[in-house]
Structure formats: C-alpha cells, structure tokens
Amino acid sequence: MVGKLGIIALESAVNAGVKIDEILSEWRGGEHFLIPSQCPRFGSGEAKGIIKESIRDRDLYILVDVCNPSVTYMMDGEKNRMSPDDHFQDLKRIIAACNGRAGRISVIMPFLYESRQHRRIVRESLDCAVMLQELERMGVHEIITFDAHDPRMQSAIPLIGFVDVSPALQFTHALLTEYDDLQIDSDHLMFISPDEGATQRVVFMASIFGVNIGMFYKRRDYARIVNGMNPIVAHDFCGESVAGKDVIAVDDMISSGGSMIDVARQLKDMGARRVFMFATFGLFTNGFDKFDKAYEEGLFDKVFTTNLVYQKPELREKPWYCSVGMNRYVAAIIDTLNKGESTQDIIRPAKRMKEMIELYKK
C-alpha cells in the first residue's frame, strides 16, 4: 500500500464519488474511503474549500468534473451556473485545504480542463499547460485523465505522473452487449476517424478488432473565427469503400455534434449499412435537436458516450443513446495506484479487448 486511501469528490463529481466508494468498499471488506468536503460561497461569489475529516498521510484521490453545468451558486442574489473555470478554482481550494498534510495527492479529472486549448497557433494563451503546471506547484503528485484531446500536454509536467486512460474496453463491451449481429472482419466492419486528430485512437481500436480504418480530413476556413473556432468548410474522406459495412466513428468528444452528424451523413451517402458513434465525452452543448432529426432520417443507429462527465437527464431517455458506465473502471484505477501496482494493462487494455472479441465471435 502507498498509504491509507482517501477519496474526495467535489460537488461536480459527488454522485460518481459515492458509487466509486461503494465499489471499493465491496472490494476491501466494507471499509469506506469517501471524505466529506465542501466549497461554500459568500454572497459576493467568493468561496473557500473545507475538508471535514483528517487527511494526514492519506493517499488522496480528488475527483472533479469540470464539464458539469448543473452545479449552481448564488452571487449578488442571483443563481449562477458553474463554468469549467469555477470547477477548477474549487479543485484548487480543496488542494489548498489539505495544507500539505496528505501523503500523496492525485487528481482524477476525466475531461482535462482546457484541453481543447492545447497548442499555440498565434499570439494566444496555452491554458492546458498553465493548468497542469499550476497543479504541480500546488503539490499534486499525479493526474489521471481519460482520452486526453492531445496527450502530448503531459510534456508540460515531465516530473509528475500523468495517466491518460483509454475507455476502449468499455466501449467494446457496450457495443458487443448492445448488438449480437456484428460480423467482426474487414469485409463487414470498419472504424472511422472523423478528423486527423482522432486517428491514433481509431488505429488502436481497429488493430484490436482486426479491421480497416478510414479518415475524414476537415477543411477549415482559417480566415474566420465562429464561436471561438475556425468553421469547417468540408469533410474529405480517405479510405476504402464503406458500402454495405457497419462503421464506427470514434472521437474524444461530441460538443455541438455538427461534425459527427456531417460525417454520418456522408457515410450513409457512401452506402454504409449502420453508423455507430463512440465519444468519450458527450457534452451536447447545443442540445439534442440535431441528433433527434438525424436519427429520424436514419443517418446513424446509436451514440455511445461515457458517464465520466455530467449527463443531462433527458439524454438517457433518447432511443439513439447508450451510456457507457465507467465507475467500476475508475475504482480499479484507484485501487491499483493505491496498492503501488502498474496501471499499464488498465491504460491500454488490448489483451482483455481481444479476449472479449474472440468470445463474441464464438
């Protein structure tokens, strides 16, 4: 054991924290590890972090969901929804409340804060790198995240741990559980990268399934900025024919969803049999109308996203949606790290995926 285990779940991740604690309690003979905490606010909107139990010499794991818009606070008599910036500030408050007493602090941040601002193109901030270095200066020993938008961001903190976990095993399990008629071979199944940035995760999954890949190249208008980004002009496809095949488009997140739906439309126009979407984070920032309409048009069959970030209640009721549970996986990561064991098989679960696929084929 690295040290006596302790878990702190910020308000943004409290539901997941309770479930993870229950799982660990089941594995470890009934002992519970969740430490109560809160970040109360003054009427001005200012706040402070409070930890309500001793954390001295604990191996501490702090859970935060920076993408949870359902958490609110009162400021100047009005209700405000917490932004990613607010959630990150609360995380720092809880770390500061530890006062250097914890034996080791690990932050579990499934959606890496500011990870979409991961590279500098013009004279602009590099927010993700600044965030990582700030946590390092505060005494964080390790950061655990999932499917980082650009895992090279760990180069900003080369002296502390950075664990980037792939949820590929859980996606595989969810797909094979949901559908019993998949033919897993190159003639009937294909993985698709919706842009060049998602190619690495698509190659990993396709190599395990033993099938081919295709890729869309996003042509953008770099002369304009709309809603903080350069608008997409067109998706150009690179790859062999998808006609008659089941295709799986894989990305790290669905934000507005426009890009994924455009990819699905083109795949159906090219003769794809069924279109499935895998996205680690289902943000659906513009609501569900686009997906409802696209589903009615038959452009896709199912969207799979994890429960690592907040899921709007109406999302779970959609006929086109499947939630991929990750609490047991997060508990396994905490259990493994606390015991001082290697996480390599958890980060890239290729062997278990292959076993699962072979069992499905039989």
# chains A, B, ... in the order shown; residues from 1 in each chain; ligands from 1

$ residues_around --residues "Ala47 (chain A)" --least-positions-apart "3" --cutoff "12 Å" --atoms "only C-alpha atoms" --output "list in words"
Gln38, Cys39, Pro40, Arg41, Phe42, Gly43, Ser44, Ile50, Tyr73, Met74, Met75, Asp86, His87, Gln89, Asp90, Leu91, Lys92, Arg93 and Ile94 of chain A

$ residues_around --residues "region 286-297 of chain A" --least-positions-apart "6" --cutoff "10 Å" --atoms "only C-alpha atoms" --output "NGL selection string"
:A and (255-258 or 260-262 or 264-265 or 303 or 312 or 314-315 or 318-321)

$ select_by_dssp --residues "region 245-330 of chain A" --states "helix (DSSP H, G or I)" --output "ChimeraX atom specification"
/A:258-269,289-296,315-317,327-330

$ closest_atom_pairs --of "region 279-326 of chain A" --to "region 164-168 of chain A" --cutoff "9 Å" --atoms "only C-alpha atoms" --output "JSON lines"
{"residue": "A:Thr280", "atom": "CA", "partner": "A:Pro167", "partner_atom": "CA", "distance": 7.2}
{"residue": "A:Thr306", "atom": "CA", "partner": "A:Pro167", "partner_atom": "CA", "distance": 8.3}
{"residue": "A:Met326", "atom": "CA", "partner": "A:Pro167", "partner_atom": "CA", "distance": 8.1}

$ write_last_selection --atoms "N, CA and C atoms" --output "CSV table (one decimal), in the first residue's frame"
chain,number,residue,atom,x,y,z
A,280,THR,N,-15.9,9.7,-26.0
A,280,THR,CA,-15.7,9.5,-24.6
A,280,THR,C,-16.5,10.5,-23.8
A,306,THR,N,-19.5,8.0,-22.5
A,306,THR,CA,-19.3,7.5,-21.1
A,306,THR,C,-20.0,8.4,-20.1
A,326,MET,N,-18.5,3.9,-16.3
A,326,MET,CA,-17.0,3.9,-16.0
A,326,MET,C,-16.7,3.9,-14.6

$ closest_residue --among "A:Leu5, A:Leu308, A:Ala102, A:Met138" --to "Arg28 (chain A)" --atoms "only C-alpha atoms"
A:Leu5

$ residues_around --residues "region 170-185 of chain A" --least-positions-apart "3" --cutoff "10 Å" --atoms "only C-alpha atoms" --output "ChimeraX atom specification"
/A:166-167,188-190,205,209-212,245-246,276,278-280,302,304-306,322-326,329,349,353-354,356-358,360-361

$ atom_distance --atom1 "CA of Thr72 (chain A)" --atom2 "CA of Ser12 (chain A)"
9.9 Å

$ atom_distance --atom1 "CA of Leu60 (chain A)" --atom2 "CA of Gly103 (chain A)"
7.5 Å

$ select_by_dssp --residues "region 68-198 of chain A" --states "strand (DSSP E or B)" --output "ChimeraX atom specification"
/A:72-75,78-81,104-108,142-146,161-165,189-193

$ atom_distance --atom1 "CA of Arg56 (chain A)" --atom2 "CA of Pro158 (chain A)"
26.6 Å

$ residues_around --residues "Glu114 (chain A)" --least-positions-apart "5" --cutoff "8 Å" --atoms "only C-alpha atoms" --output "list of chain:residue names"
A:Asp127, A:Cys128, A:Met131

$ residues_around --residues "Ala97 (chain A)" --least-positions-apart "6" --cutoff "9 Å" --atoms "only C-alpha atoms" --output "PDB file with all heavy atoms, in the first residue's frame"
ATOM      1  N   LYS A  48     -14.508  29.219  -0.375  1.00  0.00           N
ATOM      2  CA  LYS A  48     -13.397  28.604   0.338  1.00  0.00           C
ATOM      3  C   LYS A  48     -13.591  27.099   0.328  1.00  0.00           C
ATOM      4  O   LYS A  48     -14.710  26.593   0.223  1.00  0.00           O
ATOM      5  CB  LYS A  48     -13.316  29.122   1.778  1.00  0.00           C
ATOM      6  CG  LYS A  48     -14.558  28.832   2.620  1.00  0.00           C
ATOM      7  CD  LYS A  48     -14.416  29.388   4.017  1.00  0.00           C
ATOM      8  CE  LYS A  48     -15.689  29.152   4.831  1.00  0.00           C
ATOM      9  NZ  LYS A  48     -15.564  29.714   6.198  1.00  0.00           N
ATOM     10  N   GLY A  49     -12.502  26.366   0.429  1.00  0.00           N
ATOM     11  CA  GLY A  49     -12.565  24.915   0.463  1.00  0.00           C
ATOM     12  C   GLY A  49     -12.458  24.399   1.884  1.00  0.00           C
ATOM     13  O   GLY A  49     -11.619  24.873   2.659  1.00  0.00           O
ATOM     14  N   ILE A  50     -13.308  23.422   2.228  1.00  0.00           N
ATOM     15  CA  ILE A  50     -13.304  22.834   3.571  1.00  0.00           C
ATOM     16  C   ILE A  50     -13.260  21.318   3.462  1.00  0.00           C
ATOM     17  O   ILE A  50     -14.057  20.712   2.735  1.00  0.00           O
ATOM     18  CB  ILE A  50     -14.568  23.240   4.362  1.00  0.00           C
ATOM     19  CG1 ILE A  50     -14.682  24.760   4.469  1.00  0.00           C
ATOM     20  CG2 ILE A  50     -14.567  22.600   5.747  1.00  0.00           C
ATOM     21  CD1 ILE A  50     -15.983  25.224   5.094  1.00  0.00           C
ATOM     22  N   ILE A  51     -12.326  20.692   4.187  1.00  0.00           N
ATOM     23  CA  ILE A  51     -12.260  19.234   4.298  1.00  0.00           C
ATOM     24  C   ILE A  51     -12.653  18.878   5.722  1.00  0.00           C
ATOM     25  O   ILE A  51     -12.076  19.399   6.687  1.00  0.00           O
ATOM     26  CB  ILE A  51     -10.851  18.711   3.974  1.00  0.00           C
ATOM     27  CG1 ILE A  51     -10.466  19.087   2.535  1.00  0.00           C
ATOM     28  CG2 ILE A  51     -10.796  17.189   4.145  1.00  0.00           C
ATOM     29  CD1 ILE A  51      -9.039  18.740   2.168  1.00  0.00           C
TER      30      ILE A  51
END
